[in-house]
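Chemist: Structure file my_file-v3.txt, compact mmCIF, C-alpha atoms and all ligand atoms, is pasted below:
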# COMPACT_ATOMS: atom_id res chain seq x y z
CA MET W 1 9.92 18.95 7.59
CA ARG W 2 7.71 17.22 4.99
CA ILE W 3 6.95 13.55 5.46
CA ASP W 4 5.02 11.27 3.09
CA LEU W 5 4.53 7.77 4.50
CA HIS W 6 2.82 5.86 1.67
CA VAL W 7 4.12 5.71 -1.89
CA HIS W 8 4.23 3.01 -4.57
CA SER W 9 6.91 2.20 -7.12
CA ASN W 10 6.71 0.07 -10.25
CA ARG W 11 7.71 -2.95 -8.13
CA SER W 12 3.95 -3.01 -7.50
CA ASP W 13 1.37 -0.77 -9.19
CA GLY W 14 3.18 2.58 -9.22
CA THR W 15 4.66 3.74 -12.51
CA ASP W 16 8.12 5.00 -11.43
CA ASP W 17 11.05 2.87 -10.43
CA PRO W 18 12.22 3.40 -6.84
CA ALA W 19 15.22 5.59 -7.79
CA THR W 20 13.05 7.88 -9.95
CA LEU W 21 10.53 8.08 -7.14
CA LEU W 22 13.19 9.20 -4.65
CA ASP W 23 14.45 11.70 -7.19
CA HIS W 24 10.95 13.16 -7.47
CA ALA W 25 10.67 13.21 -3.69
CA ALA W 26 13.90 15.20 -3.42
CA ARG W 27 12.78 17.65 -6.10
CA THR W 28 9.35 18.03 -4.46
CA GLY W 29 11.10 19.02 -1.24
CA LEU W 30 10.13 15.98 0.78
CA ASP W 31 12.41 15.17 3.74
CA VAL W 32 11.14 11.66 4.42
CA VAL W 33 9.37 9.10 2.24
CA ALA W 34 8.15 5.59 3.06
CA LEU W 35 8.16 3.12 0.18
CA THR W 36 5.10 0.92 0.68
CA ASP W 37 4.58 -1.26 -2.35
CA HIS W 38 1.76 -3.80 -2.31
CA ASP W 39 2.89 -7.12 -0.82
CA THR W 40 6.58 -6.85 -1.77
CA PHE W 41 9.93 -5.62 -0.43
CA ALA W 42 11.39 -5.67 -3.94
CA GLY W 43 11.93 -1.91 -4.20
CA TRP W 44 13.76 -1.42 -0.90
CA GLU W 45 17.32 -1.89 -2.03
CA GLN W 46 17.16 0.55 -4.92
CA ALA W 47 15.16 3.04 -2.83
CA VAL W 48 17.65 2.98 0.05
CA ALA W 49 20.58 3.51 -2.33
CA ALA W 50 18.82 6.44 -4.04
CA ALA W 51 17.79 7.94 -0.69
CA ARG W 52 21.39 7.87 0.55
CA ARG W 53 22.62 9.48 -2.65
CA LEU W 54 19.98 12.22 -2.53
CA GLY W 55 19.92 12.83 1.22
CA VAL W 56 16.21 12.02 1.47
CA GLY W 57 14.96 10.03 4.45
CA LEU W 58 13.63 6.62 3.47
CA ILE W 59 11.47 4.36 5.56
CA PRO W 60 11.17 0.85 4.12
CA GLY W 61 7.63 -0.43 4.35
CA VAL W 62 5.02 -2.58 2.68
CA GLU W 63 1.24 -2.34 2.16
CA ILE W 64 -0.20 -5.74 2.95
CA SER W 65 -3.41 -6.81 1.21
CA CYS W 66 -5.84 -8.06 3.84
CA ARG W 67 -9.47 -9.09 3.80
CA TYR W 68 -11.98 -8.35 6.52
CA ALA W 69 -15.66 -9.27 6.47
CA GLY W 70 -15.43 -9.90 2.74
CA ARG W 71 -13.89 -6.51 1.99
CA SER W 72 -10.40 -5.54 0.93
CA LEU W 73 -8.45 -3.79 3.68
CA HIS W 74 -4.86 -2.52 3.47
CA LEU W 75 -2.36 -2.73 6.32
CA LEU W 76 0.79 -0.63 6.15
CA ALA W 77 3.83 -2.12 7.88
CA TYR W 78 6.81 0.12 8.54
CA LEU W 79 10.33 -1.19 9.11
CA PRO W 80 9.56 -4.90 9.31
CA ASP W 81 12.55 -7.21 9.10
CA ALA W 82 12.44 -8.45 5.50
CA ASP W 83 14.32 -11.57 6.59
CA TYR W 84 11.58 -12.66 8.96
CA ALA W 85 10.49 -15.80 7.09
CA PRO W 86 6.83 -16.07 8.17
CA LEU W 87 6.01 -12.55 6.96
CA ASP W 88 7.99 -13.04 3.76
CA ALA W 89 6.14 -16.32 3.14
CA GLU W 90 2.76 -14.68 3.68
CA LEU W 91 3.59 -11.94 1.18
CA ALA W 92 4.76 -14.60 -1.30
CA ARG W 93 1.45 -16.39 -0.86
CA ILE W 94 -0.48 -13.19 -1.66
CA ARG W 95 1.72 -12.53 -4.71
CA ALA W 96 1.21 -16.09 -5.96
CA SER W 97 -2.53 -15.59 -5.75
CA ARG W 98 -2.17 -12.28 -7.62
CA ASP W 99 -0.36 -14.13 -10.43
CA GLU W 100 -2.86 -16.98 -10.52
CA ARG W 101 -5.87 -14.75 -10.94
CA VAL W 102 -4.57 -12.96 -14.06
CA PRO W 103 -5.58 -15.76 -16.48
CA GLN W 104 -8.95 -15.98 -14.72
CA VAL W 105 -9.56 -12.25 -15.16
CA VAL W 106 -8.49 -12.49 -18.81
CA GLU W 107 -10.88 -15.37 -19.37
CA ARG W 108 -13.75 -13.29 -18.00
CA LEU W 109 -12.83 -10.25 -20.06
CA VAL W 110 -12.55 -12.31 -23.23
CA ARG W 111 -15.92 -13.90 -22.47
CA ASN W 112 -17.26 -10.34 -22.32
CA GLY W 113 -15.97 -9.67 -25.80
CA LEU W 114 -12.68 -7.90 -25.01
CA ASP W 115 -9.50 -8.57 -26.90
CA ILE W 116 -6.76 -9.08 -24.32
CA THR W 117 -4.10 -11.65 -23.41
CA VAL W 118 -2.17 -12.68 -20.31
CA GLU W 119 1.09 -12.08 -22.20
CA GLU W 120 0.46 -8.42 -22.88
CA ILE W 121 -0.41 -7.82 -19.22
CA VAL W 122 2.76 -9.54 -18.04
CA ASP W 123 4.87 -7.84 -20.74
CA GLY W 124 3.53 -4.45 -19.69
CA SER W 125 4.50 -4.92 -16.06
CA THR W 126 8.04 -6.28 -16.23
CA ALA W 127 9.34 -4.26 -13.28
CA ALA W 128 6.59 -5.48 -10.96
CA THR W 129 7.00 -8.40 -8.59
CA SER W 130 3.47 -7.80 -7.36
CA LEU W 131 0.94 -7.91 -10.21
CA GLY W 132 -2.24 -5.98 -9.60
CA ARG W 133 -5.46 -5.06 -11.29
CA PRO W 134 -3.87 -1.73 -12.31
CA HIS W 135 -1.57 -3.69 -14.64
CA ILE W 136 -4.61 -5.32 -16.22
CA ALA W 137 -6.20 -1.86 -16.41
CA ASP W 138 -3.12 -0.53 -18.21
CA ALA W 139 -3.41 -3.31 -20.80
CA LEU W 140 -7.08 -2.46 -21.31
CA VAL W 141 -6.12 1.19 -21.82
CA ARG W 142 -3.40 0.25 -24.34
CA ARG W 143 -6.05 -1.73 -26.25
CA GLY W 144 -8.43 1.21 -26.20
CA HIS W 145 -10.97 -0.63 -24.03
CA ALA W 146 -10.79 2.15 -21.42
CA ALA W 147 -9.53 5.73 -21.31
CA ASP W 148 -7.58 5.34 -18.07
CA ARG W 149 -7.13 3.08 -15.03
CA ARG W 150 -10.15 4.54 -13.31
CA GLU W 151 -12.48 3.77 -16.22
CA ALA W 152 -11.02 0.27 -16.53
CA PHE W 153 -11.82 -0.33 -12.85
CA ASP W 154 -15.28 1.20 -13.06
CA ARG W 155 -16.28 -0.83 -16.11
CA TRP W 156 -14.39 -4.08 -15.70
CA LEU W 157 -12.16 -4.65 -12.69
CA ALA W 158 -13.74 -3.26 -9.51
CA GLU W 159 -15.56 -5.62 -7.14
CA GLY W 160 -18.89 -6.52 -8.68
CA ARG W 161 -17.74 -5.76 -12.24
CA PRO W 162 -17.53 -8.49 -14.93
CA GLY W 163 -13.73 -8.96 -14.75
CA TYR W 164 -13.41 -9.05 -11.00
CA VAL W 165 -11.64 -12.03 -9.43
CA GLY W 166 -10.65 -11.97 -5.77
CA LYS W 167 -7.23 -12.94 -4.47
CA TYR W 168 -5.96 -14.61 -1.31
CA ALA W 169 -5.49 -12.12 1.52
CA PRO W 170 -4.98 -12.72 5.24
CA SER W 171 -7.20 -11.20 7.90
CA PRO W 172 -5.79 -8.15 9.70
CA GLN W 173 -5.99 -10.25 12.88
CA ALA W 174 -3.44 -12.59 11.30
CA ALA W 175 -1.33 -9.92 9.60
CA ILE W 176 -0.84 -7.60 12.59
CA PRO W 177 0.90 -10.24 14.76
CA LEU W 178 3.10 -11.17 11.78
CA VAL W 179 4.19 -7.55 11.37
CA LEU W 180 4.90 -7.25 15.10
CA ALA W 181 6.88 -10.49 15.10
CA ALA W 182 8.95 -8.99 12.27
CA GLY W 183 9.60 -5.95 14.47
CA GLY W 184 7.50 -3.71 12.24
CA VAL W 185 4.88 -1.08 12.99
CA PRO W 186 1.35 -1.86 11.70
CA VAL W 187 -0.76 1.11 10.59
CA LEU W 188 -4.19 0.84 8.99
CA ALA W 189 -4.12 2.38 5.48
CA HIS W 190 -7.04 4.63 4.50
CA PRO W 191 -9.40 2.86 6.96
CA ARG W 192 -12.49 4.63 5.64
CA GLY W 193 -11.43 4.49 2.01
CA ARG W 194 -13.37 3.08 -0.91
CA ALA W 195 -13.14 -0.59 -0.11
CA SER W 196 -12.94 -0.75 3.67
CA ARG W 197 -15.24 2.06 4.82
CA VAL W 198 -18.27 -0.22 5.10
CA VAL W 199 -16.65 -2.72 7.44
CA VAL W 200 -14.10 -0.76 9.48
CA ASP W 201 -16.17 0.81 12.22
CA ASP W 202 -14.83 2.18 15.51
CA ALA W 203 -15.23 -1.19 17.26
CA VAL W 204 -13.11 -2.94 14.63
CA ILE W 205 -10.34 -0.35 15.02
CA ALA W 206 -10.47 -0.86 18.80
CA GLU W 207 -10.22 -4.63 18.34
CA LEU W 208 -7.20 -4.26 16.03
CA ALA W 209 -5.55 -1.78 18.42
CA GLU W 210 -5.89 -4.45 21.09
CA LEU W 211 -3.87 -6.77 18.80
CA GLY W 212 -1.09 -4.21 18.39
CA LEU W 213 -2.24 -1.93 15.58
CA ALA W 214 -0.13 1.19 16.17
CA GLY W 215 -1.66 3.84 13.96
CA LEU W 216 -4.25 5.11 11.51
CA GLU W 217 -3.61 6.76 8.16
CA ILE W 218 -6.11 9.58 8.51
CA ASP W 219 -4.92 12.32 6.14
CA HIS W 220 -5.57 10.55 2.84
CA ILE W 221 -7.46 11.76 -0.21
CA ASP W 222 -10.12 9.06 0.26
CA HIS W 223 -11.19 10.69 3.57
CA ASP W 224 -13.36 13.81 3.61
CA ALA W 225 -13.18 16.35 6.45
CA PRO W 226 -15.90 14.80 8.69
CA THR W 227 -14.31 11.35 8.25
CA ARG W 228 -10.91 12.71 9.30
CA GLN W 229 -12.48 14.41 12.30
CA ALA W 230 -14.17 11.18 13.40
CA LEU W 231 -10.99 9.16 12.94
CA ARG W 232 -8.93 11.68 14.93
CA LEU W 233 -11.25 11.10 17.87
CA VAL W 234 -10.83 7.33 17.56
CA ALA W 235 -7.04 7.69 17.36
CA ALA W 236 -6.97 9.97 20.40
CA ASN W 237 -9.12 7.57 22.44
CA LEU W 238 -6.94 4.57 21.56
CA ASP W 239 -3.64 6.50 21.69
CA LEU W 240 -2.86 5.61 18.07
CA ILE W 241 -0.28 7.29 15.84
CA VAL W 242 -1.84 9.52 13.17
CA THR W 243 -0.29 9.54 9.72
CA GLY W 244 -0.94 11.34 6.46
CA SER W 245 0.28 10.40 3.02
CA SER W 246 -0.20 10.72 -0.71
CA ASP W 247 -0.59 7.03 -1.64
CA HIS W 248 1.30 8.14 -4.75
CA HIS W 249 1.22 5.74 -7.73
CA GLY W 250 3.20 7.84 -10.22
CA ALA W 251 1.15 8.55 -13.33
CA GLY W 252 -1.16 5.68 -12.43
CA LYS W 253 -3.59 7.50 -10.18
CA ILE W 254 -4.77 11.10 -10.30
CA GLY W 255 -5.09 13.16 -7.12
CA HIS W 256 -2.21 11.39 -5.42
CA ALA W 257 0.72 13.75 -6.10
CA LEU W 258 3.80 13.09 -3.96
CA GLY W 259 3.51 15.00 -0.69
CA CYS W 260 -0.12 16.08 -1.25
CA GLU W 261 -0.81 14.83 2.28
CA THR W 262 1.84 14.60 4.98
CA THR W 263 2.60 13.26 8.45
CA ALA W 264 3.53 15.50 11.39
CA PRO W 265 7.17 15.13 12.57
CA GLU W 266 6.13 14.20 16.12
CA GLN W 267 3.96 11.39 14.75
CA LEU W 268 6.93 10.07 12.77
CA GLU W 269 8.98 10.23 15.98
CA ARG W 270 6.36 8.08 17.69
CA LEU W 271 6.41 5.64 14.79
CA LEU W 272 10.21 5.29 14.86
CA GLU W 273 10.14 4.84 18.63
CA GLN W 274 7.50 2.13 18.22
CA ALA W 275 9.67 0.46 15.56
CA ARG W 276 12.60 0.31 17.98
CA ALA W 277 10.36 -1.09 20.73
CA ASN W 278 8.77 -3.66 18.42
CA ALA W 279 12.13 -4.79 17.04
CA THR W 280 13.42 -5.27 20.58
CA ALA W 281 10.27 -7.07 21.70
CA ALA W 282 10.49 -9.35 18.66
CA GLY W 283 14.13 -10.07 19.43
CA ARG W 284 15.16 -8.71 16.06
CA GLY W 285 17.99 -6.23 16.00
CA ALA W 286 17.91 -3.31 13.63
CA GLN W 287 18.50 -4.74 10.18
CA PRO W 288 20.92 -2.81 7.95
CA VAL W 289 18.28 -2.02 5.34
CA ALA W 290 15.52 -1.69 7.88
CA SER W 291 17.08 1.09 9.87
CA PRO W 292 15.49 4.35 8.85
CA VAL W 293 17.83 6.35 6.68
CA TRP W 294 16.65 9.79 7.43
CA ARG W 295 18.07 13.18 8.19
CA ALA W 296 16.61 15.36 10.87
CA SER W 297 16.66 18.97 9.73
P1 LIG W 301 -5.26 -5.11 -6.41
O1 LIG W 301 -4.03 -4.84 -5.59
O2 LIG W 301 -4.99 -5.92 -7.59
O3 LIG W 301 -6.43 -5.58 -5.59
O4 LIG W 301 -5.68 -3.68 -6.98
C1 LIG W 301 -5.92 -2.64 -6.05
C2 LIG W 301 -5.20 -1.40 -6.48
O5 LIG W 301 -5.84 -0.88 -7.61
C3 LIG W 301 -5.24 -0.30 -5.45
O6 LIG W 301 -4.13 -0.32 -4.63
C4 LIG W 301 -5.22 0.94 -6.28
O7 LIG W 301 -3.90 1.28 -6.61
C5 LIG W 301 -5.91 0.52 -7.56
N1 LIG W 301 -7.33 0.89 -7.65
C6 LIG W 301 -8.35 0.37 -6.95
N2 LIG W 301 -9.52 0.90 -7.34
C7 LIG W 301 -9.21 1.79 -8.32
C8 LIG W 301 -9.99 2.67 -9.15
N3 LIG W 301 -11.32 2.74 -9.03
N4 LIG W 301 -9.33 3.43 -10.04
C9 LIG W 301 -7.99 3.36 -10.17
N5 LIG W 301 -7.21 2.55 -9.42
C10 LIG W 301 -7.82 1.78 -8.51
FE FE W 302 -2.19 0.45 -5.49
FE FE W 303 -4.17 0.99 -0.34
ZN ZN W 304 -1.34 2.28 -1.46
Represent the supplied structure as structure tokens.
Modeler:
Amino acid sequence: MRIDLHVHSNRSDGTDDPATLLDHAARTGLDVVALTDHDTFAGWEQAVAAARRLGVGLIPGVEISCRYAGRSLHLLAYLPDADYAPLDAELARIRASRDERVPQVVERLVRNGLDITVEEIVDGSTAATSLGRPHIADALVRRGHAADRREAFDRWLAEGRPGYVGKYAPSPQAAIPLVLAAGGVPVLAHPRGRASRVVVDDAVIAELAELGLAGLEIDHIDHDAPTRQALRLVAANLDLIVTGSSDHHGAGKIGHALGCETTAPEQLERLLEQARANATAAGRGAQPVASPVWRAS
């Protein structure tokens, strides 16, 4: 049983459409995949249809952009009710801010002597409902201003670089209750990854667990062995679900091959049980698209 609980499609900053992604998952021998695009549910419908056709388990999810102590922090939400208006509205607000910053980033890049336009960024990301810096990076690569996404981030787009512009993002303290009210299961994505490692200490995780955080994504390429060890202790102490995942972005990110990190079946069981409990507590029945389509084998 191979389970990958964090993958992106081209509805955000992955490079494959949801059906292609599910096809790859089937051919890679994955049994269960969670689609977790940044701040959008736009890929769910196509992913569910492809999953049914291919007999791959599909867990609809979303990776919510949050901000904590001035740092970017990502919150995975599994099986939230997409029709829960307050969560949908919050995601729309984040996406609007993503759109609004593109001209501001372009202005900065142009001021730094780069040739680039808003149009070519938008044209190059037609499948995306959630525009991200990777789409700007892709445009820079097409123009020959960078060799790949990583170089574009390192030179221009990462925090502290000349083209960086922040976006609106809720605090995790605000996002977690929204996910719970939508009957979803909140799990902290790569808590000691690049952006969040400085601010997410053990006390912060304990505080978020108090608010209903259900799990930690521990087996992720951004975490080295000692980090994973330390996080496993935290998860054990707080009785949190432990997940592992690729954070696959298609061709957009190296080192994130589908299924390169996985989640144990008993941890997925806990997650699904928590989803049922949260949906009941939120008074939201299982939504047709939000019920996990997965085969036990
Ligand atoms: P945004 O959502 O616009 O804030 O962009 C963040 C996304 O950019 C992340 O989810 C990653 O997919 C990607 N990303 C962040 N840092 C890097 C980097 N150094 N190299 C390549 N991709 C990155
Ligand atoms: Fe991403
Ligand atoms: Fe992330
Ligand atoms: Zn991700």
Chemist: Show me, as a PyMOL selection string, the residues that have an atom within 12 Å of Ala137 in chain W when counting all atoms listed in the file, minus same-chain residues fewer than 6 positions from it.
Modeler: chain W and resi 13+102+105-106+109+116+120-122+124-125+131+143-158+163-164+252-253
Chemist: Range 197-273 of chain W near range 53-61 of chain W within 12 Å: what's each residue's closest atom pair and its distance in Å to one decimal, counting only C-alpha atoms, ordered by chain then ascending residue number, as CSV?
Modeler:
residue,atom,partner,partner_atom,distance
W:Leu268,CA,W:Ile59,CA,10.3
W:Leu271,CA,W:Ile59,CA,10.6
W:Leu272,CA,W:Ile59,CA,9.4
Chemist: Write out as a PyMOL selection string which residues come within 7 Å of Lys167 in chain W when counting only C-alpha atoms, dropping same-chain ones fewer than 4 positions away.
Modeler: chain W and resi 97-98+101
Chemist: Mind checking which residues fall within 8 Å of Gly212 in chain W, counting only C-alpha atoms, ignoring those fewer than 2 positions away in the same chain, and posting them as a PyMOL selection string?
Modeler: chain W and resi 176-177+180+186+208-210+214
Chemist: Quick one: of W:Pro226, W:Gly183, W:Leu238, W:Ala251, who's nearest to Pro80 in chain W, counting only C-alpha atoms?
Modeler: W:Gly183
Chemist: Select, from W:Gly283, W:Pro18, W:Pro134, W:Pro170, the residue with the minimum atom-to-atom distance to ligand FE 302 (chain W), counting all atoms listed in the file.
Modeler: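 Nearest candidate to ligand FE 302 (chain W) out of W:Gly283, W:Pro18, W:Pro134, W:Pro170: W:Pro134.
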Chemist: Rounded to one decimal, what separation in Å do you get between CA of Glu269 in chain W and CA of Gly215 in chain W?
Modeler: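 We find that CA of Glu269 in chain W and CA of Gly215 in chain W lie 12.6 Å from each other.
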Chemist: For the point (-12.2, -9.4, 3.0) in file coordinates, what residues are within 9 Å, counting all atoms listed in the file? Give the answer as number ranges by chain?
Modeler: W: 66-73, 169-171, 196
Chemist: Could the residues that lie within 10 Å of ligand FE 302 (chain W), counting all atoms listed in the file, be listed as a PyMOL selection string?
Modeler: chain W and resi 7-9+12-14+36-38+63+65+74+132-134+247-249+252-253
Chemist: Of the candidates W:Ala34, W:Asp88, W:Asp17, W:Ala264, which one gets nearest to ligand ZN 304 (chain W) if we count all atoms listed in the file?
Modeler: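 When distances to ligand ZN 304 (chain W) are compared using all atoms listed in the file, the smallest one comes from W:Ala34.
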Chemist: State, in Å with one decimal place, the distance from CA of Ala19 in chain W to CA of Pro191 in chain W.
Modeler: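 These two atoms are separated by 28.8 Å.
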Chemist: Measuring atom to atom with all atoms listed in the file, identify which of W:Asp31, W:Asp138, W:Asp115, W:Glu217 is nearest to Ala77 in chain W.
Modeler: W:Glu217
Chemist: Nearest residue to Thr126 in chain W out of W:Arg11, W:Gln173, W:Val110, W:Leu140, using all atoms listed in the file?
Modeler: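 Closest residue, counting all atoms listed in the file: W:Arg11.
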Chemist: Once N, CA and C atoms are restored for range 78-111 of chain W, what would the output be as a PDB file, keeping the file's coordinate frame?
Modeler:
ATOM      1  N   TYR W  78       5.586  -0.647   8.665  1.00  0.00           N
ATOM      2  CA  TYR W  78       6.810   0.120   8.540  1.00  0.00           C
ATOM      3  C   TYR W  78       7.958  -0.602   9.238  1.00  0.00           C
ATOM      4  N   LEU W  79       9.095  -0.639   8.544  1.00  0.00           N
ATOM      5  CA  LEU W  79      10.330  -1.190   9.110  1.00  0.00           C
ATOM      6  C   LEU W  79      10.240  -2.621   9.601  1.00  0.00           C
ATOM      7  N   PRO W  80       9.502  -3.490   8.912  1.00  0.00           N
ATOM      8  CA  PRO W  80       9.560  -4.900   9.310  1.00  0.00           C
ATOM      9  C   PRO W  80      10.890  -5.478   8.842  1.00  0.00           C
ATOM     10  N   ASP W  81      11.348  -6.513   9.523  1.00  0.00           N
ATOM     11  CA  ASP W  81      12.550  -7.210   9.100  1.00  0.00           C
ATOM     12  C   ASP W  81      12.193  -8.074   7.885  1.00  0.00           C
ATOM     13  N   ALA W  82      12.774  -7.728   6.737  1.00  0.00           N
ATOM     14  CA  ALA W  82      12.440  -8.450   5.500  1.00  0.00           C
ATOM     15  C   ALA W  82      12.903  -9.898   5.559  1.00  0.00           C
ATOM     16  N   ASP W  83      13.816 -10.201   6.487  1.00  0.00           N
ATOM     17  CA  ASP W  83      14.320 -11.570   6.590  1.00  0.00           C
ATOM     18  C   ASP W  83      13.480 -12.444   7.529  1.00  0.00           C
ATOM     19  N   TYR W  84      12.446 -11.860   8.090  1.00  0.00           N
ATOM     20  CA  TYR W  84      11.580 -12.660   8.960  1.00  0.00           C
ATOM     21  C   TYR W  84      10.719 -13.572   8.072  1.00  0.00           C
ATOM     22  N   ALA W  85      11.041 -14.865   8.083  1.00  0.00           N
ATOM     23  CA  ALA W  85      10.490 -15.800   7.090  1.00  0.00           C
ATOM     24  C   ALA W  85       8.958 -15.886   7.079  1.00  0.00           C
ATOM     25  N   PRO W  86       8.295 -15.933   8.233  1.00  0.00           N
ATOM     26  CA  PRO W  86       6.830 -16.070   8.170  1.00  0.00           C
ATOM     27  C   PRO W  86       6.129 -14.903   7.464  1.00  0.00           C
ATOM     28  N   LEU W  87       6.615 -13.696   7.656  1.00  0.00           N
ATOM     29  CA  LEU W  87       6.010 -12.550   6.960  1.00  0.00           C
ATOM     30  C   LEU W  87       6.321 -12.627   5.467  1.00  0.00           C
ATOM     31  N   ASP W  88       7.582 -12.922   5.156  1.00  0.00           N
ATOM     32  CA  ASP W  88       7.990 -13.040   3.760  1.00  0.00           C
ATOM     33  C   ASP W  88       7.157 -14.106   3.040  1.00  0.00           C
ATOM     34  N   ALA W  89       6.913 -15.217   3.733  1.00  0.00           N
ATOM     35  CA  ALA W  89       6.140 -16.320   3.140  1.00  0.00           C
ATOM     36  C   ALA W  89       4.691 -15.899   2.907  1.00  0.00           C
ATOM     37  N   GLU W  90       4.153 -15.130   3.839  1.00  0.00           N
ATOM     38  CA  GLU W  90       2.760 -14.680   3.680  1.00  0.00           C
ATOM     39  C   GLU W  90       2.635 -13.742   2.481  1.00  0.00           C
ATOM     40  N   LEU W  91       3.617 -12.853   2.328  1.00  0.00           N
ATOM     41  CA  LEU W  91       3.590 -11.940   1.180  1.00  0.00           C
ATOM     42  C   LEU W  91       3.730 -12.742  -0.121  1.00  0.00           C
ATOM     43  N   ALA W  92       4.584 -13.760  -0.106  1.00  0.00           N
ATOM     44  CA  ALA W  92       4.760 -14.600  -1.300  1.00  0.00           C
ATOM     45  C   ALA W  92       3.460 -15.306  -1.655  1.00  0.00           C
ATOM     46  N   ARG W  93       2.731 -15.715  -0.622  1.00  0.00           N
ATOM     47  CA  ARG W  93       1.450 -16.390  -0.860  1.00  0.00           C
ATOM     48  C   ARG W  93       0.445 -15.429  -1.519  1.00  0.00           C
ATOM     49  N   ILE W  94       0.426 -14.184  -1.055  1.00  0.00           N
ATOM     50  CA  ILE W  94      -0.480 -13.190  -1.660  1.00  0.00           C
ATOM     51  C   ILE W  94      -0.073 -12.935  -3.116  1.00  0.00           C
ATOM     52  N   ARG W  95       1.247 -12.810  -3.339  1.00  0.00           N
ATOM     53  CA  ARG W  95       1.720 -12.530  -4.710  1.00  0.00           C
ATOM     54  C   ARG W  95       1.396 -13.703  -5.646  1.00  0.00           C
ATOM     55  N   ALA W  96       1.519 -14.917  -5.138  1.00  0.00           N
ATOM     56  CA  ALA W  96       1.210 -16.090  -5.960  1.00  0.00           C
ATOM     57  C   ALA W  96      -0.256 -16.040  -6.385  1.00  0.00           C
ATOM     58  N   SER W  97      -1.113 -15.674  -5.447  1.00  0.00           N
ATOM     59  CA  SER W  97      -2.530 -15.590  -5.750  1.00  0.00           C
ATOM     60  C   SER W  97      -2.817 -14.461  -6.739  1.00  0.00           C
ATOM     61  N   ARG W  98      -2.044 -13.368  -6.644  1.00  0.00           N
ATOM     62  CA  ARG W  98      -2.170 -12.280  -7.620  1.00  0.00           C
ATOM     63  C   ARG W  98      -1.852 -12.792  -9.022  1.00  0.00           C
ATOM     64  N   ASP W  99      -0.761 -13.590  -9.123  1.00  0.00           N
ATOM     65  CA  ASP W  99      -0.360 -14.130 -10.430  1.00  0.00           C
ATOM     66  C   ASP W  99      -1.414 -15.083 -10.974  1.00  0.00           C
ATOM     67  N   GLU W 100      -1.915 -15.936 -10.073  1.00  0.00           N
ATOM     68  CA  GLU W 100      -2.860 -16.980 -10.520  1.00  0.00           C
ATOM     69  C   GLU W 100      -4.180 -16.411 -11.018  1.00  0.00           C
ATOM     70  N   ARG W 101      -4.560 -15.241 -10.526  1.00  0.00           N
ATOM     71  CA  ARG W 101      -5.870 -14.750 -10.940  1.00  0.00           C
ATOM     72  C   ARG W 101      -5.834 -14.063 -12.304  1.00  0.00           C
ATOM     73  N   VAL W 102      -4.633 -13.700 -12.783  1.00  0.00           N
ATOM     74  CA  VAL W 102      -4.570 -12.960 -14.060  1.00  0.00           C
ATOM     75  C   VAL W 102      -5.235 -13.732 -15.202  1.00  0.00           C
ATOM     76  N   PRO W 103      -4.898 -15.021 -15.404  1.00  0.00           N
ATOM     77  CA  PRO W 103      -5.580 -15.760 -16.480  1.00  0.00           C
ATOM     78  C   PRO W 103      -7.095 -15.847 -16.263  1.00  0.00           C
ATOM     79  N   GLN W 104      -7.512 -15.902 -15.008  1.00  0.00           N
ATOM     80  CA  GLN W 104      -8.950 -15.980 -14.720  1.00  0.00           C
ATOM     81  C   GLN W 104      -9.648 -14.673 -15.086  1.00  0.00           C
ATOM     82  N   VAL W 105      -8.987 -13.549 -14.792  1.00  0.00           N
ATOM     83  CA  VAL W 105      -9.560 -12.250 -15.160  1.00  0.00           C
ATOM     84  C   VAL W 105      -9.626 -12.145 -16.685  1.00  0.00           C
ATOM     85  N   VAL W 106      -8.534 -12.555 -17.340  1.00  0.00           N
ATOM     86  CA  VAL W 106      -8.490 -12.490 -18.810  1.00  0.00           C
ATOM     87  C   VAL W 106      -9.617 -13.308 -19.408  1.00  0.00           C
ATOM     88  N   GLU W 107      -9.819 -14.509 -18.865  1.00  0.00           N
ATOM     89  CA  GLU W 107     -10.880 -15.370 -19.370  1.00  0.00           C
ATOM     90  C   GLU W 107     -12.241 -14.679 -19.281  1.00  0.00           C
ATOM     91  N   ARG W 108     -12.477 -14.008 -18.162  1.00  0.00           N
ATOM     92  CA  ARG W 108     -13.750 -13.290 -18.000  1.00  0.00           C
ATOM     93  C   ARG W 108     -13.880 -12.136 -18.975  1.00  0.00           C
ATOM     94  N   LEU W 109     -12.782 -11.400 -19.147  1.00  0.00           N
ATOM     95  CA  LEU W 109     -12.830 -10.250 -20.060  1.00  0.00           C
ATOM     96  C   LEU W 109     -13.062 -10.705 -21.490  1.00  0.00           C
ATOM     97  N   VAL W 110     -12.389 -11.792 -21.863  1.00  0.00           N
ATOM     98  CA  VAL W 110     -12.550 -12.310 -23.230  1.00  0.00           C
ATOM     99  C   VAL W 110     -13.982 -12.780 -23.438  1.00  0.00           C
ATOM    100  N   ARG W 111     -14.525 -13.452 -22.404  1.00  0.00           N
ATOM    101  CA  ARG W 111     -15.920 -13.900 -22.470  1.00  0.00           C
ATOM    102  C   ARG W 111     -16.873 -12.715 -22.650  1.00  0.00           C
TER     103      ARG W 111
END
